[in-house]
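Structure file upload.cif (mmCIF, C-alpha atoms) follows.
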```cif
data_entry
#
loop_
_atom_site.label_atom_id
_atom_site.label_comp_id
_atom_site.auth_asym_id
_atom_site.auth_seq_id
_atom_site.Cartn_x
_atom_site.Cartn_y
_atom_site.Cartn_z
CA ASP A 203 90.55 104.57 107.45
CA ALA A 204 91.31 107.43 105.09
CA GLY A 205 92.95 106.50 101.85
CA VAL A 206 95.40 108.60 99.92
CA ILE A 207 94.20 112.19 99.84
CA GLN A 208 94.93 114.51 96.96
CA SER A 209 94.14 118.18 96.53
CA PRO A 210 92.88 119.94 94.61
CA ARG A 211 90.69 117.49 92.71
CA HIS A 212 90.45 119.84 89.75
CA GLU A 213 92.72 122.66 88.70
CA VAL A 214 92.33 125.03 85.77
CA THR A 215 95.14 127.47 85.18
CA GLU A 216 96.68 129.55 82.46
CA MET A 217 99.90 128.80 80.69
CA GLY A 218 102.89 130.15 82.57
CA GLN A 219 101.33 129.90 86.00
CA GLU A 220 102.74 127.81 88.82
CA VAL A 221 100.72 124.75 89.81
CA THR A 222 101.10 122.85 93.07
CA LEU A 223 99.51 119.46 93.59
CA ARG A 224 99.30 117.99 97.07
CA CYS A 225 99.22 114.48 98.45
CA LYS A 226 98.74 112.94 101.86
CA PRO A 227 99.71 109.25 101.86
CA ILE A 228 98.13 106.57 103.99
CA SER A 229 99.49 106.74 107.51
CA GLY A 230 102.32 104.28 108.04
CA HIS A 231 103.16 103.93 104.38
CA ASN A 232 106.83 104.48 103.63
CA SER A 233 106.74 104.82 99.86
CA LEU A 234 105.03 107.48 97.79
CA PHE A 235 104.60 107.64 94.04
CA TRP A 236 103.51 110.37 91.62
CA TYR A 237 101.96 109.28 88.31
CA ARG A 238 100.58 111.13 85.32
CA GLN A 239 97.83 109.79 83.08
CA THR A 240 97.33 111.03 79.53
CA MET A 241 95.52 109.59 76.55
CA MET A 242 98.73 109.33 74.56
CA ARG A 243 101.06 107.84 77.15
CA GLY A 244 98.70 106.16 79.60
CA LEU A 245 99.72 105.97 83.24
CA GLU A 246 103.40 106.74 83.75
CA LEU A 247 105.51 107.09 86.87
CA LEU A 248 107.03 110.50 87.42
CA ILE A 249 108.90 110.05 90.70
CA TYR A 250 108.87 107.96 93.82
CA PHE A 251 110.04 108.46 97.38
CA ASN A 252 111.11 105.94 99.97
CA ASN A 253 111.15 107.18 103.58
CA ASN A 254 110.76 110.75 102.27
CA VAL A 255 113.85 110.46 100.05
CA PRO A 256 113.47 110.69 96.25
CA ILE A 257 114.69 107.39 94.82
CA ASP A 258 113.91 107.62 91.12
CA ASP A 259 112.91 110.81 89.32
CA SER A 260 113.77 109.63 85.84
CA GLY A 261 110.13 109.96 84.82
CA MET A 262 109.96 113.67 85.56
CA PRO A 263 109.51 115.15 82.11
CA GLU A 264 111.41 118.42 82.46
CA ASP A 265 113.03 120.78 84.92
CA ARG A 266 109.71 122.56 85.13
CA PHE A 267 108.54 119.66 87.30
CA SER A 268 109.70 119.25 90.88
CA ALA A 269 108.52 117.13 93.78
CA LYS A 270 109.15 117.27 97.49
CA MET A 271 108.31 115.18 100.51
CA PRO A 272 109.16 117.24 103.60
CA ASN A 273 107.69 114.65 105.97
CA ALA A 274 106.04 111.25 105.99
CA SER A 275 102.54 112.65 105.66
CA PHE A 276 102.84 115.19 102.87
CA SER A 277 104.18 115.54 99.36
CA THR A 278 103.90 118.14 96.63
CA LEU A 279 104.34 118.08 92.89
CA LYS A 280 105.01 121.49 91.41
CA ILE A 281 104.95 122.62 87.79
CA GLN A 282 106.53 125.98 87.08
CA PRO A 283 105.81 127.35 84.54
CA SER A 284 102.88 125.26 83.40
CA GLU A 285 102.19 124.53 79.73
CA PRO A 286 99.07 123.23 77.93
CA ARG A 287 100.79 119.86 77.31
CA ASP A 288 100.92 119.35 81.08
CA SER A 289 97.15 118.89 81.07
CA ALA A 290 96.53 115.42 82.49
CA VAL A 291 95.31 113.57 85.55
CA TYR A 292 97.99 113.35 88.22
CA PHE A 293 97.79 110.49 90.71
CA CYS A 294 99.57 110.01 93.97
CA ALA A 295 99.94 106.50 95.39
CA SER A 296 101.46 105.12 98.56
CA SER A 297 102.55 101.70 99.79
CA LEU A 298 103.94 100.11 102.95
CA ALA A 299 107.19 99.55 101.11
CA TYR A 300 108.15 100.12 97.52
CA ILE A 301 107.61 96.49 96.61
CA GLU A 302 104.18 96.30 98.21
CA THR A 303 100.75 97.02 96.77
CA GLN A 304 100.25 100.64 95.82
CA TYR A 305 97.09 102.47 96.87
CA PHE A 306 96.08 105.35 94.65
CA GLY A 307 94.44 108.63 95.47
CA PRO A 308 91.50 109.94 93.41
CA GLY A 309 93.75 112.09 91.24
CA THR A 310 93.98 115.77 90.34
CA ARG A 311 92.63 116.70 86.93
CA LEU A 312 94.79 119.55 85.63
CA LEU A 313 93.87 121.72 82.67
CA VAL A 314 96.36 124.31 81.48
CA LEU A 315 94.85 126.80 79.06
CA ASP B 17 108.66 101.99 73.43
CA GLN B 18 105.92 100.39 75.49
CA GLN B 19 107.09 97.58 77.74
CA VAL B 20 103.55 96.64 78.74
CA LYS B 21 100.89 96.54 76.06
CA GLN B 22 97.15 96.17 76.23
CA ASN B 23 96.18 95.98 72.59
CA SER B 24 92.42 96.11 73.08
CA PRO B 25 91.27 99.57 74.14
CA SER B 26 87.78 98.30 74.84
CA LEU B 27 85.78 95.12 75.39
CA SER B 28 82.04 94.58 75.63
CA VAL B 29 80.60 91.47 77.30
CA GLN B 30 77.15 90.27 78.27
CA GLU B 31 76.36 89.91 81.96
CA GLY B 32 77.04 86.38 83.18
CA ARG B 33 79.55 85.61 80.46
CA ILE B 34 83.33 85.47 80.74
CA SER B 35 85.46 88.59 80.27
CA ILE B 36 89.04 88.03 79.10
CA LEU B 37 91.45 90.94 79.19
CA ASN B 38 94.88 90.50 77.67
CA CYS B 39 98.28 91.99 78.31
CA ASP B 40 101.68 91.50 76.66
CA TYR B 41 105.07 92.56 77.92
CA THR B 42 108.49 92.83 76.34
CA ASN B 43 110.89 93.04 79.27
CA SER B 44 111.99 89.55 80.31
CA MET B 45 113.19 90.94 83.65
CA PHE B 46 109.63 91.52 84.82
CA ASP B 47 108.72 88.96 87.45
CA TYR B 48 105.67 90.42 89.14
CA PHE B 49 102.42 91.35 87.45
CA LEU B 50 99.33 93.12 88.70
CA TRP B 51 95.90 94.12 87.52
CA TYR B 52 94.31 97.35 88.63
CA LYS B 53 90.72 98.43 88.11
CA LYS B 54 89.69 102.04 87.66
CA TYR B 55 86.26 103.65 87.84
CA PRO B 56 85.69 107.17 86.43
CA ALA B 57 86.87 109.99 88.69
CA GLU B 58 88.63 107.53 91.00
CA GLY B 59 92.18 106.27 91.28
CA PRO B 60 93.14 102.75 90.19
CA THR B 61 92.54 100.05 92.81
CA PHE B 62 94.53 96.86 93.11
CA LEU B 63 92.66 93.78 91.92
CA ILE B 64 94.96 90.76 91.72
CA SER B 65 98.62 89.93 91.19
CA ILE B 66 100.81 87.05 90.14
CA SER B 67 104.45 86.21 90.60
CA SER B 68 106.44 84.73 87.74
CA ILE B 69 106.93 81.51 89.70
CA LYS B 70 103.23 80.81 89.19
CA ASP B 71 101.14 80.46 86.08
CA LYS B 72 97.76 81.04 87.67
CA ASN B 73 96.30 82.95 90.58
CA GLU B 74 92.64 82.98 91.55
CA ASP B 75 90.60 85.30 93.75
CA GLY B 76 86.88 84.72 93.62
CA ARG B 77 85.56 85.59 90.18
CA PHE B 78 88.98 86.86 89.06
CA THR B 79 91.77 84.67 87.72
CA VAL B 80 95.05 85.80 86.24
CA PHE B 81 97.01 83.52 83.93
CA LEU B 82 100.68 84.01 83.10
CA ASN B 83 102.46 82.56 80.09
CA LYS B 84 106.11 83.47 80.54
CA SER B 85 107.32 81.95 77.30
CA ALA B 86 104.85 84.09 75.37
CA LYS B 87 105.30 87.09 77.69
CA HIS B 88 101.56 87.22 78.00
CA LEU B 89 99.09 87.46 80.81
CA SER B 90 95.34 87.54 80.92
CA LEU B 91 92.63 88.37 83.41
CA HIS B 92 89.48 86.27 83.40
CA ILE B 93 86.31 87.47 85.09
CA VAL B 94 83.63 84.82 85.52
CA PRO B 95 80.77 85.53 85.67
CA SER B 96 80.93 89.14 84.55
CA GLN B 97 78.69 91.63 86.33
CA PRO B 98 77.63 95.16 85.37
CA GLY B 99 79.62 96.47 88.36
CA ASP B 100 82.76 95.14 86.69
CA SER B 101 82.45 97.83 84.03
CA ALA B 102 85.63 99.86 84.43
CA VAL B 103 89.06 100.40 82.90
CA TYR B 104 91.48 97.58 83.69
CA PHE B 105 95.21 98.25 83.78
CA CYS B 106 97.88 95.62 83.56
CA ALA B 107 101.15 96.48 85.35
CA ALA B 108 104.54 94.82 85.68
CA SER B 109 107.64 95.25 87.80
CA VAL B 110 110.88 93.68 88.83
CA TYR B 111 109.85 92.53 92.30
CA GLY B 112 112.32 93.57 94.94
CA GLY B 113 114.49 95.21 92.35
CA SER B 114 116.25 98.49 92.79
CA GLN B 115 113.30 100.25 91.24
CA GLY B 116 109.91 99.84 92.84
CA ASN B 117 108.04 101.42 90.02
CA LEU B 118 105.25 99.72 88.16
CA ILE B 119 105.08 99.90 84.38
CA PHE B 120 101.46 100.19 83.31
CA GLY B 121 99.67 99.35 80.11
CA LYS B 122 97.28 101.91 78.66
CA GLY B 123 94.22 100.07 79.89
CA THR B 124 91.22 98.22 78.50
CA LYS B 125 87.74 99.61 79.05
CA LEU B 126 85.37 96.78 79.93
CA SER B 127 81.63 97.25 79.50
CA VAL B 128 79.37 94.55 80.92
CA LYS B 129 75.89 94.78 79.46
CA PRO B 130 72.90 93.68 81.59
#
```
Encoded form (structure tokens):
Amino acid sequence: DAGVIQSPRHEVTEMGQEVTLRCKPISGHNSLFWYRQTMMRGLELLIYFNNNVPIDDSGMPEDRFSAKMPNASFSTLKIQPSEPRDSAVYFCASSLAYIETQYFGPGTRLLVL
Amino acid sequence: DQQVKQNSPSLSVQEGRISILNCDYTNSMFDYFLWYKKYPAEGPTFLISISSIKDKNEDGRFTVFLNKSAKHLSLHIVPSQPGDSAVYFCAASVYGGSQGNLIFGKGTKLSVKP
């Protein structure tokens, strides 16, 4: 069975550009999580959805970040405009329910120049 | 302010010996703890978990110990194998709480030498 799928795997962009990260959760999973990993802050939750509805976005760093989940099989995390400090690895994870084990995708490594 | 702390960024162990990875937490509301393992260029994968009603949980070579009074948990790997070399993350949550999010430590990089 396919795990969580993320695209692109690597993204290099210039400051000020819009970046869109994509995630396809495991089929049948009802909860989806976006995380960011940096050297300074480690792995931190940005936002999570339950049944396609955003439940907690308190981890979203600024208004430049937005996330959507238009259906059960697709989510996006958008950064507009991007800044060099947004450079990080962004992970998407999904679970059967929000209290169940989370399965992570391989991550998107973002570099903003 | 970090609620979950892994104070050792790295650990090196000889193959066949025991690896002990430590984790401390500050939030007394946490009642569910997990360990994730991460290889380079991959996402973290779930390894083992423990509920606060237990003080020990075992799965093969992996055992997690929880000391609630000290707000401390540890992961023991016996015997350690070179394939165990990875970054190990400790995570905590309030199980079944209104927030499903996990709070992660910064990780400990384990190197198992042949």
- Task: Give the residues of chain A that lie within 7 Å of chain B; count only C-alpha atoms, and format the answer as number ranges by chain.
- Result: A: 244-247, 300-301, 305-309
- Task: Please write as a ChimeraX atom specification the full residue list that the PyMOL selection byres ((chain B and resi 75-92) around 9) yields on this file.
- Result: /B:34-44,49-51,63-68,70-74,93-96,106
- Residues within 6 Å of (104.7, 115.1, 94.5), counting all atoms listed in the file, listed as a ChimeraX atom specification: /A:236,269-270,277-279
- Task: Could you pull out every residue with an atom within 7 Å of (78.1, 93.5, 83.9), file coordinates, counting all atoms listed in the file, and send them as a list in words?
- Result: Gln30, Glu31, Ser96, Gln97, Pro98, Gly99, Asp100, Ser101, Ser127, Val128, Lys129 and Pro130 of chain B
Could those residues be written to a file, using C-alpha atoms, as a compact mmCIF listing (two decimals), in the coordinates of the input?
```txt
# COMPACT_ATOMS: atom_id res chain seq x y z
CA GLN B 30 77.15 90.27 78.27
CA GLU B 31 76.36 89.91 81.96
CA SER B 96 80.93 89.14 84.55
CA GLN B 97 78.69 91.63 86.33
CA PRO B 98 77.63 95.16 85.37
CA GLY B 99 79.62 96.47 88.36
CA ASP B 100 82.76 95.14 86.69
CA SER B 101 82.45 97.83 84.03
CA SER B 127 81.63 97.25 79.50
CA VAL B 128 79.37 94.55 80.92
CA LYS B 129 75.89 94.78 79.46
CA PRO B 130 72.90 93.68 81.59
```
- Message: Please list as an NGL selection string every residue within 6 Å of stretch 215-218 of chain A, counting all atoms listed in the file and excluding residues in the same chain fewer than 5 positions away.
- Response: :A and (283-285 or 314-315)
- the PyMOL selection byres ((chain A and resi 311) around 6) applied to the shown file, residues as a PyMOL selection string: chain A and resi 212+291+310+312
- Message: List the spatial neighbours of A:Tyr250 as number ranges by chain - criterion: any atom at most 8 Å away, all atoms listed in the file, same-chain residues fewer than 3 positions off excluded.
- Response: A: 233-236, 247, 256-259; B: 117
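Candidate residues A:Cys225, A:Ala204, A:Ile249, A:Met242 were compared for distance to A:Ala290, and the nearest is A:Met242, using all atoms listed in the file.
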Mind giving me the axis-aligned box for stretch 65-84 of chain B with 4 Å on every side, centre plus edges in Å to one decimal, as JSON?
```
{"center_x": 96.2, "center_y": 85.2, "center_z": 86.9, "size_x": 29.4, "size_y": 17.5, "size_z": 21.7}
```
- If you measure from atom CA of A:Asn253 to atom CA of A:Asn232, what distance in Å do you get, rounded to one decimal? 5.1 Å
Could you please fill out stretch 52-72 of chain B with N, CA, C and O atoms and send it back as a PDB file, in the frame of the given file?
```pdb
ATOM      1  N   TYR B  52      94.999  96.305  87.904  1.00  0.00           N
ATOM      2  CA  TYR B  52      94.310  97.350  88.630  1.00  0.00           C
ATOM      3  C   TYR B  52      93.017  97.660  87.894  1.00  0.00           C
ATOM      4  O   TYR B  52      92.927  97.552  86.673  1.00  0.00           O
ATOM      5  N   LYS B  53      92.029  98.092  88.653  1.00  0.00           N
ATOM      6  CA  LYS B  53      90.720  98.430  88.110  1.00  0.00           C
ATOM      7  C   LYS B  53      90.461  99.904  88.409  1.00  0.00           C
ATOM      8  O   LYS B  53      90.780 100.386  89.503  1.00  0.00           O
ATOM      9  N   LYS B  54      89.902 100.617  87.446  1.00  0.00           N
ATOM     10  CA  LYS B  54      89.690 102.040  87.660  1.00  0.00           C
ATOM     11  C   LYS B  54      88.281 102.448  87.214  1.00  0.00           C
ATOM     12  O   LYS B  54      87.917 102.252  86.057  1.00  0.00           O
ATOM     13  N   TYR B  55      87.547 103.040  88.153  1.00  0.00           N
ATOM     14  CA  TYR B  55      86.260 103.650  87.840  1.00  0.00           C
ATOM     15  C   TYR B  55      86.480 105.119  87.503  1.00  0.00           C
ATOM     16  O   TYR B  55      87.471 105.730  87.935  1.00  0.00           O
ATOM     17  N   PRO B  56      85.571 105.738  86.754  1.00  0.00           N
ATOM     18  CA  PRO B  56      85.690 107.170  86.430  1.00  0.00           C
ATOM     19  C   PRO B  56      85.810 108.024  87.686  1.00  0.00           C
ATOM     20  O   PRO B  56      85.160 107.763  88.694  1.00  0.00           O
ATOM     21  N   ALA B  57      86.664 109.013  87.617  1.00  0.00           N
ATOM     22  CA  ALA B  57      86.870 109.990  88.690  1.00  0.00           C
ATOM     23  C   ALA B  57      87.432 109.357  89.971  1.00  0.00           C
ATOM     24  O   ALA B  57      87.340 109.959  91.047  1.00  0.00           O
ATOM     25  N   GLU B  58      87.967 108.155  89.852  1.00  0.00           N
ATOM     26  CA  GLU B  58      88.630 107.530  91.000  1.00  0.00           C
ATOM     27  C   GLU B  58      90.026 107.093  90.589  1.00  0.00           C
ATOM     28  O   GLU B  58      90.335 106.974  89.399  1.00  0.00           O
ATOM     29  N   GLY B  59      90.881 106.823  91.595  1.00  0.00           N
ATOM     30  CA  GLY B  59      92.180 106.270  91.280  1.00  0.00           C
ATOM     31  C   GLY B  59      92.104 104.771  91.039  1.00  0.00           C
ATOM     32  O   GLY B  59      91.128 104.128  91.419  1.00  0.00           O
ATOM     33  N   PRO B  60      93.114 104.211  90.385  1.00  0.00           N
ATOM     34  CA  PRO B  60      93.140 102.750  90.190  1.00  0.00           C
ATOM     35  C   PRO B  60      93.177 102.033  91.533  1.00  0.00           C
ATOM     36  O   PRO B  60      93.777 102.518  92.490  1.00  0.00           O
ATOM     37  N   THR B  61      92.505 100.886  91.605  1.00  0.00           N
ATOM     38  CA  THR B  61      92.540 100.050  92.810  1.00  0.00           C
ATOM     39  C   THR B  61      93.084  98.681  92.449  1.00  0.00           C
ATOM     40  O   THR B  61      92.754  98.115  91.402  1.00  0.00           O
ATOM     41  N   PHE B  62      93.901  98.164  93.328  1.00  0.00           N
ATOM     42  CA  PHE B  62      94.530  96.860  93.110  1.00  0.00           C
ATOM     43  C   PHE B  62      93.469  95.761  93.059  1.00  0.00           C
ATOM     44  O   PHE B  62      92.549  95.726  93.870  1.00  0.00           O
ATOM     45  N   LEU B  63      93.634  94.862  92.099  1.00  0.00           N
ATOM     46  CA  LEU B  63      92.660  93.780  91.920  1.00  0.00           C
ATOM     47  C   LEU B  63      93.286  92.418  92.251  1.00  0.00           C
ATOM     48  O   LEU B  63      92.831  91.694  93.117  1.00  0.00           O
ATOM     49  N   ILE B  64      94.344  92.078  91.559  1.00  0.00           N
ATOM     50  CA  ILE B  64      94.960  90.760  91.720  1.00  0.00           C
ATOM     51  C   ILE B  64      96.377  90.825  91.164  1.00  0.00           C
ATOM     52  O   ILE B  64      96.672  91.649  90.300  1.00  0.00           O
ATOM     53  N   SER B  65      97.234  89.958  91.671  1.00  0.00           N
ATOM     54  CA  SER B  65      98.620  89.930  91.190  1.00  0.00           C
ATOM     55  C   SER B  65      99.084  88.496  90.996  1.00  0.00           C
ATOM     56  O   SER B  65      98.425  87.546  91.441  1.00  0.00           O
ATOM     57  N   ILE B  66     100.225  88.365  90.330  1.00  0.00           N
ATOM     58  CA  ILE B  66     100.810  87.050  90.140  1.00  0.00           C
ATOM     59  C   ILE B  66     102.324  87.182  90.043  1.00  0.00           C
ATOM     60  O   ILE B  66     102.835  88.120  89.415  1.00  0.00           O
ATOM     61  N   SER B  67     103.000  86.260  90.690  1.00  0.00           N
ATOM     62  CA  SER B  67     104.450  86.210  90.600  1.00  0.00           C
ATOM     63  C   SER B  67     104.834  85.298  89.433  1.00  0.00           C
ATOM     64  O   SER B  67     104.081  84.394  89.069  1.00  0.00           O
ATOM     65  N   SER B  68     106.030  85.514  88.907  1.00  0.00           N
ATOM     66  CA  SER B  68     106.440  84.730  87.740  1.00  0.00           C
ATOM     67  C   SER B  68     106.715  83.263  88.071  1.00  0.00           C
ATOM     68  O   SER B  68     106.888  82.451  87.168  1.00  0.00           O
ATOM     69  N   ILE B  69     106.731  82.921  89.356  1.00  0.00           N
ATOM     70  CA  ILE B  69     106.930  81.510  89.700  1.00  0.00           C
ATOM     71  C   ILE B  69     105.622  80.729  89.593  1.00  0.00           C
ATOM     72  O   ILE B  69     105.603  79.509  89.719  1.00  0.00           O
ATOM     73  N   LYS B  70     104.532  81.442  89.357  1.00  0.00           N
ATOM     74  CA  LYS B  70     103.230  80.810  89.190  1.00  0.00           C
ATOM     75  C   LYS B  70     102.741  81.014  87.768  1.00  0.00           C
ATOM     76  O   LYS B  70     103.203  81.914  87.059  1.00  0.00           O
ATOM     77  N   ASP B  71     101.767  80.196  87.368  1.00  0.00           N
ATOM     78  CA  ASP B  71     101.140  80.460  86.080  1.00  0.00           C
ATOM     79  C   ASP B  71      99.651  80.775  86.213  1.00  0.00           C
ATOM     80  O   ASP B  71      98.980  81.077  85.221  1.00  0.00           O
ATOM     81  N   LYS B  72      99.183  80.753  87.454  1.00  0.00           N
ATOM     82  CA  LYS B  72      97.760  81.040  87.670  1.00  0.00           C
ATOM     83  C   LYS B  72      97.560  81.523  89.096  1.00  0.00           C
ATOM     84  O   LYS B  72      98.183  81.002  90.027  1.00  0.00           O
TER      85      LYS B  72
END
```
